[in-house]
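> I have a structure here, written as C-alpha cells, and I will follow up with some questions on it.
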Amino acid sequence: MTIPLSGRDVAQKVAEQFPKAVNLCDGACLWVEPVSIVEVARYLRDTPGLDFDYLVNLTAVDFWEHFEVVYHLVSIKRNHSLVLRCQLQGRQELVMPSVVEVWRGADFQEREIYDMLGIRFSNHPNLRRLLTWEGFPGHPLRKDWL
Amino acid sequence: MALKTEPIVVNMGPQHPSTHGVFRMRVTFDGEIIKDLEPVMGYLHRGVEKLAESRTYTQFIPLTDRLDYLASMTNNLAYVLAVEKLGNIEVPPRAQYLRVIMAEMMRISSHLMAVGFMINDMGAFYTPLLYMYREREKLLDLFEMVCGQRLTYNYMRIGGLSHDVPPEFLPALKKFVTEMPGFIDEYDQLLKENEILLARTKGVGILSKELAINSSASGPVLRGSGVKWDIRKADPYLVYDKLNFEIPTGTVGDIYDRYWVRMVEMRQSVRILEQAIEQLPAGEVRTALPHLVRPPCGEAYGHIEAPKGELGFYIISDTGVAPYRCHIRAPSLINLTALKDMVVGRMLADAIITLGSIDIVLGEVDR
C-alpha cells in the first residue's frame with residue numbers, strides 16, 4: 001500500500017530547512033508559501049527519506065476568495081505519498097513559480113491550469129494555452145466563468 | 001562548396017491518419033532529422049471537468065465513458081472508486097470481483113488496439129491489426145452481453161454495478177480465457193522475431209528511467225523504461241491483493257520494450273481473469289444508497305492502473321449533489337510530456353511509431 005505521509009511530520013522537516021515556507025499543515029496535507037514552492041519541491045525530491053521523485057497530479061481549485069494549487073506527490077522508491085498545496089489570494093494577477101525544473105511532468109499540467117484557471121506560472125519554459133486557443137475569452141474552470 | 005540550409009517547420013496533423021485522432025505535432029526538421037517537436041492539442045476538448053460541476057455524481061458516469069473510449073470500463077471504475085473513497089462507501093465482494101474482471105477484459109482489449117495500431121503505423125498495413133480486431137470483437141461481444149453496449153458501457157455505479165452479469169456471461173468468458181493464450185502465441189509467432197519490427201523498434205524512441213519518472217510517465221511507458229510501478233501492486237484497490245500476477249518491466253525503454261510490456265501484460269490479465277472467475281463469490285452487486293449521492297465535505301484522489309497508465313480522479317465535495325471540482329489525471333496527456341525527448345535526432349518515420357507506442361487516445365488527452 002502507498003503510505004500517505006502526515007502533513008505535520010513533513011512540515012516539521014521542511015520548517016527546519018525553510019522557516020518561512022510552511023503556512024499550515026494537517027494530517028493529510030501541507031500548505032506552503034507560493035514563493036518558496038520551488039525550493040520546497042527540490043528539498044522534497046532530493047532529501048533521502050522523503051524522495052518524492054514522482055509528481056502524480058497537479059491541479060488547481062477555485063474557492064472564490066482564494067485559489068489553491070494542489071500537488072499530489074509520490075515516492076516510487078519508498079512508496080509513500082504527500083499532498084502539497086499553495087494558496088493564492090484574490091482573483092486577479094495570480095502568479096505561481098513553476099516547478100518544471102524540478103519535475104518535468106508539471107509541464108503540460110501547469111499549462112492546463114493556466115488555460116483553465118488563469119494562474120500564470122513564472123519561469124515556465126512555454127506557458128501557452130493547452131486545450132483552448134490563444135484569444136479564448138476567459139478561463140473556463142473559474143467559478144464565475146459560467 | 002557549403003550549401004546554405006535552413007530548418008523547415010512541418011505540421012503533422014491534426015488530420016493525419018497516424019496521429020490516432022485529431023492531434024497535431026509541430027515538427028522542425030533539418031533535412032529528415034527532427035530538431036524540435038511540439039505537441040498541439042485541444043481539438044477534441046469538450047470541457048468534461050466543467051460539465052462535472054453541473055451534474056449529479058451518478059449523471060457524470062456516462063461522460064467518463066467518453067474520455068478514453070477504447071477503455072470506457074476502466075474510466076467508469078476510476079471515477080466511481082474516487083467517489084466511493086470520498087463517501088466511504090463499501091462495495092459488495094461480488095461487485096469487486098466483477099469490476100476486476102471488467103477492468104482486465106478492458107486492458108486486454110485496449111492493449112490489442114495499442115499494439116495493433118502501433119504496428120499499423122510501422123507500415124504493416126492492417127494485417128496484424130485485423131488479427132487483433134478478431135479478439136477484440138470477442139471481448140466486445142462479452143461486454144454487449146453484460147450491458148448492451150459495445151463502446152460506451154456506463155456499467156459501474158457508485159456502490160457497485162448497475163446489474164449482475166447474465167448467466168451466459170461466465171461460460172462465454174471462460175471459453176475466451178482458455179482460447180486467448182493461444183491467440184497471443186499467434187501474435188508472438190507473427191511479430192516477436194519479425195526482422196522489420198525489430199529493426200524499426202529496437203533502440204528507437206528511448207525514454208530513460210530517470211526521465212520517465214521525472215516526466216510523470218505512467219503505465220506501459222513507465223514500465224517499458226524499467227520502473228517497476230503498477231498501482232495494482234503499489235497501492236492495491238478492489239481485490240488485486242488476493243490475485244497473483246507479475247509486472248513486466250523493460251530494460252532499455254525503447255519502442256520494443258513498450259510493445260513487449262503490453263504483450264506480457266495481456267498474458268497476465270488472462271491469468272487474473274482465470275483466478276477472478278474461480279474466486280467469484282455469490283451475492284449482491286450493489287450497496288443500497290440514496291438516489292442522490294451526497295458525499296461529505298472533503299476531497300479524495302482515487303487512482304487506478306488503467307491500460308494507458310495512472311488514471312486518477314480528484315474530486316472535491318461541498319456536500320452538494322454535484323462535485324465542487326472534478327479533475328481528471330489523464331495518463332495519455334501526461335505521457336506525451338517526454339515525446340519530444342524520445343524523437344529529437346531521429347527521422348520523421350520514427351516519430352510516428354514513437355507516438356504509436358505511447359498509445360494515446362485523444363478523448364482523454366483533450367477531455
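Letters A, B, ... mark the chains of the C-alpha cells in the order given; residue numbers begin at 1 per chain; ligand numbers begin at 1, in order shown.
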Compute the chain B side of the contact with chain A at 8 Å, counting only C-alpha atoms, and hand it back as JSON, numbers by chain.
{"B": [40, 41, 42, 43, 45, 49, 50, 213, 214, 215, 216, 217, 229, 233, 234, 235, 236, 325, 327, 329, 333, 334, 337, 366]}
> Report the residues of chain A whose backbone DSSP state falls under alpha helix (DSSP H), written as a PyMOL selection string.
chain A and resi 7-17+37-46+106-117
> Just the residues within 10 Å of B:Val48, please, counting only C-alpha atoms, with nothing from its chain fewer than 2 positions along; format it as JSON, numbers by chain.
{"B": [45, 46, 50, 51, 52, 53, 60, 63, 64, 66, 67, 326, 327, 328, 364, 366, 367]}
> Do you have the atom CA of B:Ile108-atom CA of B:Asp68 distance handy?
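That distance, rounded to one decimal, is 14.4 Å.
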> Per residue of stretch 37-94 of chain A within 12 Å of stretch 12-16 of chain A, what are the shortest atom pair and its distance in Å to one decimal, counting only C-alpha atoms, with rows by chain and residue number, as a tab-separated table?

```
residue	atom	partner	partner_atom	distance
A:Ile37	CA	A:Val14	CA	11.1
A:Glu39	CA	A:Val14	CA	10.0
A:Val40	CA	A:Val14	CA	7.1
A:Ala41	CA	A:Val14	CA	10.0
A:Arg42	CA	A:Val14	CA	11.0
A:Tyr43	CA	A:Val14	CA	7.9
A:Leu44	CA	A:Val14	CA	8.2
A:Arg45	CA	A:Val14	CA	11.9
A:Thr47	CA	A:Lys13	CA	10.1
A:Pro48	CA	A:Lys13	CA	11.9
A:Gly49	CA	A:Lys13	CA	10.8
A:Leu50	CA	A:Lys13	CA	9.8
A:Leu84	CA	A:Val14	CA	11.7
```
> Using DSSP on the backbone, list every residue of chain A that comes out as strand (DSSP E or B), and give them as a PyMOL selection string.
chain A and resi 3-4+22-25+29-32+54-62+66-75+80-89+95-97+120-122
> At a cut-off of 12 Å, using only C-alpha atoms, what residues contact stretch 32-37 of chain B? Leave out same-chain residues fewer than 2 positions from it and give the result as a PyMOL selection string.
chain B and resi 6-12+24-30+39-40+336-352+355
> Filtering to N, CA and C atoms, could you give me those residues as a JSON list (two decimals), in the first residue's frame?

```json
[["chain", "number", "residue", "atom", "x", "y", "z"],
["B", 6, "GLU", "N", 18.42, 25.59, -44.16],
["B", 6, "GLU", "CA", 17.66, 26.15, -43.04],
["B", 6, "GLU", "C", 16.59, 25.15, -42.60],
["B", 7, "PRO", "N", 16.26, 25.19, -41.29],
["B", 7, "PRO", "CA", 15.27, 24.24, -40.79],
["B", 7, "PRO", "C", 13.89, 24.53, -41.39],
["B", 8, "ILE", "N", 13.11, 23.48, -41.51],
["B", 8, "ILE", "CA", 11.77, 23.63, -42.05],
["B", 8, "ILE", "C", 10.75, 23.13, -41.01],
["B", 9, "VAL", "N", 9.68, 23.89, -40.86],
["B", 9, "VAL", "CA", 8.65, 23.51, -39.88],
["B", 9, "VAL", "C", 7.50, 22.85, -40.62],
["B", 10, "VAL", "N", 7.14, 21.64, -40.15],
["B", 10, "VAL", "CA", 6.06, 20.89, -40.79],
["B", 10, "VAL", "C", 4.97, 20.62, -39.76],
["B", 11, "ASN", "N", 3.74, 20.83, -40.17],
["B", 11, "ASN", "CA", 2.62, 20.50, -39.30],
["B", 11, "ASN", "C", 2.18, 19.09, -39.58],
["B", 12, "MET", "N", 2.37, 18.21, -38.61],
["B", 12, "MET", "CA", 1.84, 16.85, -38.73],
["B", 12, "MET", "C", 0.47, 16.86, -38.09],
["B", 24, "ARG", "N", -1.94, 17.20, -33.20],
["B", 24, "ARG", "CA", -1.03, 17.85, -34.13],
["B", 24, "ARG", "C", 0.36, 17.90, -33.53],
["B", 25, "MET", "N", 1.37, 17.64, -34.37],
["B", 25, "MET", "CA", 2.75, 17.79, -33.93],
["B", 25, "MET", "C", 3.39, 18.85, -34.82],
["B", 26, "ARG", "N", 3.93, 19.87, -34.18],
["B", 26, "ARG", "CA", 4.65, 20.90, -34.94],
["B", 26, "ARG", "C", 6.11, 20.48, -34.94],
["B", 27, "VAL", "N", 6.59, 20.00, -36.07],
["B", 27, "VAL", "CA", 7.93, 19.41, -36.10],
["B", 27, "VAL", "C", 8.88, 20.29, -36.89],
["B", 28, "THR", "N", 10.06, 20.54, -36.32],
["B", 28, "THR", "CA", 11.10, 21.28, -37.03],
["B", 28, "THR", "C", 12.13, 20.29, -37.54],
["B", 29, "PHE", "N", 12.35, 20.33, -38.85],
["B", 29, "PHE", "CA", 13.28, 19.37, -39.46],
["B", 29, "PHE", "C", 14.54, 20.04, -39.95],
["B", 30, "ASP", "N", 15.62, 19.27, -39.91],
["B", 30, "ASP", "CA", 16.82, 19.63, -40.65],
["B", 30, "ASP", "C", 17.03, 18.49, -41.62],
["B", 39, "PRO", "N", 3.92, 19.12, -29.27],
["B", 39, "PRO", "CA", 2.56, 18.61, -29.42],
["B", 39, "PRO", "C", 1.55, 19.75, -29.26],
["B", 40, "VAL", "N", 0.56, 19.78, -30.12],
["B", 40, "VAL", "CA", -0.52, 20.77, -30.01],
["B", 40, "VAL", "C", -1.81, 19.99, -29.89],
["B", 336, "LEU", "N", 2.62, 12.23, -22.89],
["B", 336, "LEU", "CA", 3.14, 12.95, -24.05],
["B", 336, "LEU", "C", 4.24, 13.94, -23.68],
["B", 337, "THR", "N", 4.40, 14.22, -22.37],
["B", 337, "THR", "CA", 5.37, 15.23, -21.94],
["B", 337, "THR", "C", 6.76, 14.95, -22.49],
["B", 338, "ALA", "N", 7.15, 13.68, -22.47],
["B", 338, "ALA", "CA", 8.52, 13.35, -22.86],
["B", 338, "ALA", "C", 8.64, 12.97, -24.34],
["B", 339, "LEU", "N", 7.55, 13.15, -25.12],
["B", 339, "LEU", "CA", 7.59, 12.75, -26.53],
["B", 339, "LEU", "C", 8.75, 13.41, -27.28],
["B", 340, "LYS", "N", 8.94, 14.72, -27.01],
["B", 340, "LYS", "CA", 9.99, 15.45, -27.72],
["B", 340, "LYS", "C", 11.36, 14.80, -27.47],
["B", 341, "ASP", "N", 11.63, 14.47, -26.21],
["B", 341, "ASP", "CA", 12.94, 13.89, -25.89],
["B", 341, "ASP", "C", 13.14, 12.53, -26.55],
["B", 342, "MET", "N", 12.03, 11.82, -26.81],
["B", 342, "MET", "CA", 12.17, 10.50, -27.42],
["B", 342, "MET", "C", 12.51, 10.58, -28.89],
["B", 343, "VAL", "N", 12.10, 11.66, -29.57],
["B", 343, "VAL", "CA", 12.24, 11.65, -31.03],
["B", 343, "VAL", "C", 13.28, 12.62, -31.59],
["B", 344, "VAL", "N", 13.77, 13.58, -30.78],
["B", 344, "VAL", "CA", 14.73, 14.54, -31.34],
["B", 344, "VAL", "C", 15.99, 13.81, -31.79],
["B", 345, "GLY", "N", 16.45, 14.11, -33.01],
["B", 345, "GLY", "CA", 17.62, 13.45, -33.57],
["B", 345, "GLY", "C", 17.28, 12.23, -34.39],
["B", 346, "ARG", "N", 16.00, 11.83, -34.42],
["B", 346, "ARG", "CA", 15.60, 10.68, -35.23],
["B", 346, "ARG", "C", 14.86, 11.18, -36.47],
["B", 347, "MET", "N", 14.40, 10.22, -37.29],
["B", 347, "MET", "CA", 13.71, 10.61, -38.51],
["B", 347, "MET", "C", 12.20, 10.70, -38.29],
["B", 348, "LEU", "N", 11.54, 11.31, -39.27],
["B", 348, "LEU", "CA", 10.10, 11.51, -39.19],
["B", 348, "LEU", "C", 9.35, 10.20, -38.94],
["B", 349, "ALA", "N", 9.73, 9.14, -39.68],
["B", 349, "ALA", "CA", 9.01, 7.87, -39.56],
["B", 349, "ALA", "C", 9.13, 7.30, -38.15],
["B", 350, "ASP", "N", 10.24, 7.62, -37.46],
["B", 350, "ASP", "CA", 10.38, 7.15, -36.08],
["B", 350, "ASP", "C", 9.44, 7.88, -35.14],
["B", 351, "ALA", "N", 9.19, 9.16, -35.43],
["B", 351, "ALA", "CA", 8.28, 9.93, -34.57],
["B", 351, "ALA", "C", 6.89, 9.32, -34.60],
["B", 352, "ILE", "N", 6.48, 8.84, -35.79],
["B", 352, "ILE", "CA", 5.14, 8.28, -35.92],
["B", 352, "ILE", "C", 4.99, 7.04, -35.05],
["B", 355, "LEU", "N", 5.04, 7.83, -31.28],
["B", 355, "LEU", "CA", 3.72, 8.28, -30.83],
["B", 355, "LEU", "C", 2.78, 7.09, -30.68]]
```
> I'd like the contact shell of B:Lys202 - 12 Å cut-off, only C-alpha atoms, skipping same-chain residues fewer than 5 positions apart - returned as a list of chain:residue names.
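Surrounding residues, per the criterion: B:Lys192, B:Glu193, B:Asn194, B:Glu195, B:Ile196, B:Leu197, B:Gly250, B:Thr251, B:Val252, B:Gly253, B:Asp254, B:Ile255, B:Tyr256, B:Asp257, B:Arg258, B:Tyr259, B:Trp260, B:Asp350, B:Ile353, B:Thr354.
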> Those selected residues, please, written with N, CA and C atoms and delivered as an mmCIF file, in the first residue's frame.

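Result written to out.cif:
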```
data_model
loop_
_atom_site.group_PDB
_atom_site.id
_atom_site.type_symbol
_atom_site.label_atom_id
_atom_site.label_comp_id
_atom_site.auth_asym_id
_atom_site.auth_seq_id
_atom_site.Cartn_x
_atom_site.Cartn_y
_atom_site.Cartn_z
ATOM 1 N N LYS B 192 7.047 -11.326 -32.938
ATOM 2 C CA LYS B 192 8.134 -11.215 -31.964
ATOM 3 C C LYS B 192 9.513 -11.175 -32.592
ATOM 4 N N GLU B 193 9.756 -12.045 -33.578
ATOM 5 C CA GLU B 193 11.089 -12.072 -34.166
ATOM 6 C C GLU B 193 11.087 -11.542 -35.587
ATOM 7 N N ASN B 194 10.077 -10.775 -35.910
ATOM 8 C CA ASN B 194 9.992 -10.220 -37.258
ATOM 9 C C ASN B 194 11.121 -9.228 -37.482
ATOM 10 N N GLU B 195 11.867 -9.459 -38.531
ATOM 11 C CA GLU B 195 13.049 -8.660 -38.839
ATOM 12 C C GLU B 195 12.728 -7.153 -38.906
ATOM 13 N N ILE B 196 11.638 -6.841 -39.608
ATOM 14 C CA ILE B 196 11.320 -5.425 -39.817
ATOM 15 C C ILE B 196 10.902 -4.786 -38.497
ATOM 16 N N LEU B 197 10.079 -5.513 -37.721
ATOM 17 C CA LEU B 197 9.647 -4.959 -36.435
ATOM 18 C C LEU B 197 10.837 -4.688 -35.539
ATOM 19 N N GLY B 250 10.572 -3.365 -18.866
ATOM 20 C CA GLY B 250 11.563 -3.382 -19.945
ATOM 21 C C GLY B 250 12.939 -3.073 -19.400
ATOM 22 N N THR B 251 13.916 -3.014 -20.277
ATOM 23 C CA THR B 251 15.281 -2.726 -19.836
ATOM 24 C C THR B 251 15.807 -1.431 -20.447
ATOM 25 N N VAL B 252 15.560 -1.229 -21.741
ATOM 26 C CA VAL B 252 16.145 -0.091 -22.450
ATOM 27 C C VAL B 252 15.204 1.111 -22.447
ATOM 28 N N GLY B 253 13.909 0.843 -22.520
ATOM 29 C CA GLY B 253 12.955 1.937 -22.625
ATOM 30 C C GLY B 253 12.688 2.345 -24.056
ATOM 31 N N ASP B 254 12.951 1.441 -25.001
ATOM 32 C CA ASP B 254 12.671 1.766 -26.402
ATOM 33 C C ASP B 254 11.270 1.278 -26.783
ATOM 34 N N ILE B 255 10.934 1.454 -28.053
ATOM 35 C CA ILE B 255 9.588 1.094 -28.504
ATOM 36 C C ILE B 255 9.338 -0.398 -28.317
ATOM 37 N N TYR B 256 10.374 -1.196 -28.585
ATOM 38 C CA TYR B 256 10.190 -2.641 -28.454
ATOM 39 C C TYR B 256 9.813 -3.015 -27.012
ATOM 40 N N ASP B 257 10.456 -2.363 -26.041
ATOM 41 C CA ASP B 257 10.153 -2.667 -24.638
ATOM 42 C C ASP B 257 8.709 -2.345 -24.299
ATOM 43 N N ARG B 258 8.221 -1.230 -24.815
ATOM 44 C CA ARG B 258 6.825 -0.869 -24.535
ATOM 45 C C ARG B 258 5.884 -1.880 -25.186
ATOM 46 N N TYR B 259 6.247 -2.300 -26.410
ATOM 47 C CA TYR B 259 5.451 -3.327 -27.105
ATOM 48 C C TYR B 259 5.461 -4.630 -26.307
ATOM 49 N N TRP B 260 6.652 -5.003 -25.855
ATOM 50 C CA TRP B 260 6.813 -6.261 -25.129
ATOM 51 C C TRP B 260 6.034 -6.233 -23.812
ATOM 52 N N ASP B 350 10.235 7.625 -37.461
ATOM 53 C CA ASP B 350 10.385 7.145 -36.084
ATOM 54 C C ASP B 350 9.442 7.880 -35.142
ATOM 55 N N ILE B 353 5.966 6.126 -35.111
ATOM 56 C CA ILE B 353 5.795 4.906 -34.305
ATOM 57 C C ILE B 353 6.047 5.183 -32.826
ATOM 58 N N THR B 354 6.881 6.193 -32.517
ATOM 59 C CA THR B 354 7.057 6.527 -31.098
ATOM 60 C C THR B 354 5.736 6.996 -30.520
#
```
> Could you tell me which of B:Leu292, B:Leu190, B:Val22, B:Leu273 comes closest to B:Lys175 if we count only C-alpha atoms?
B:Leu273
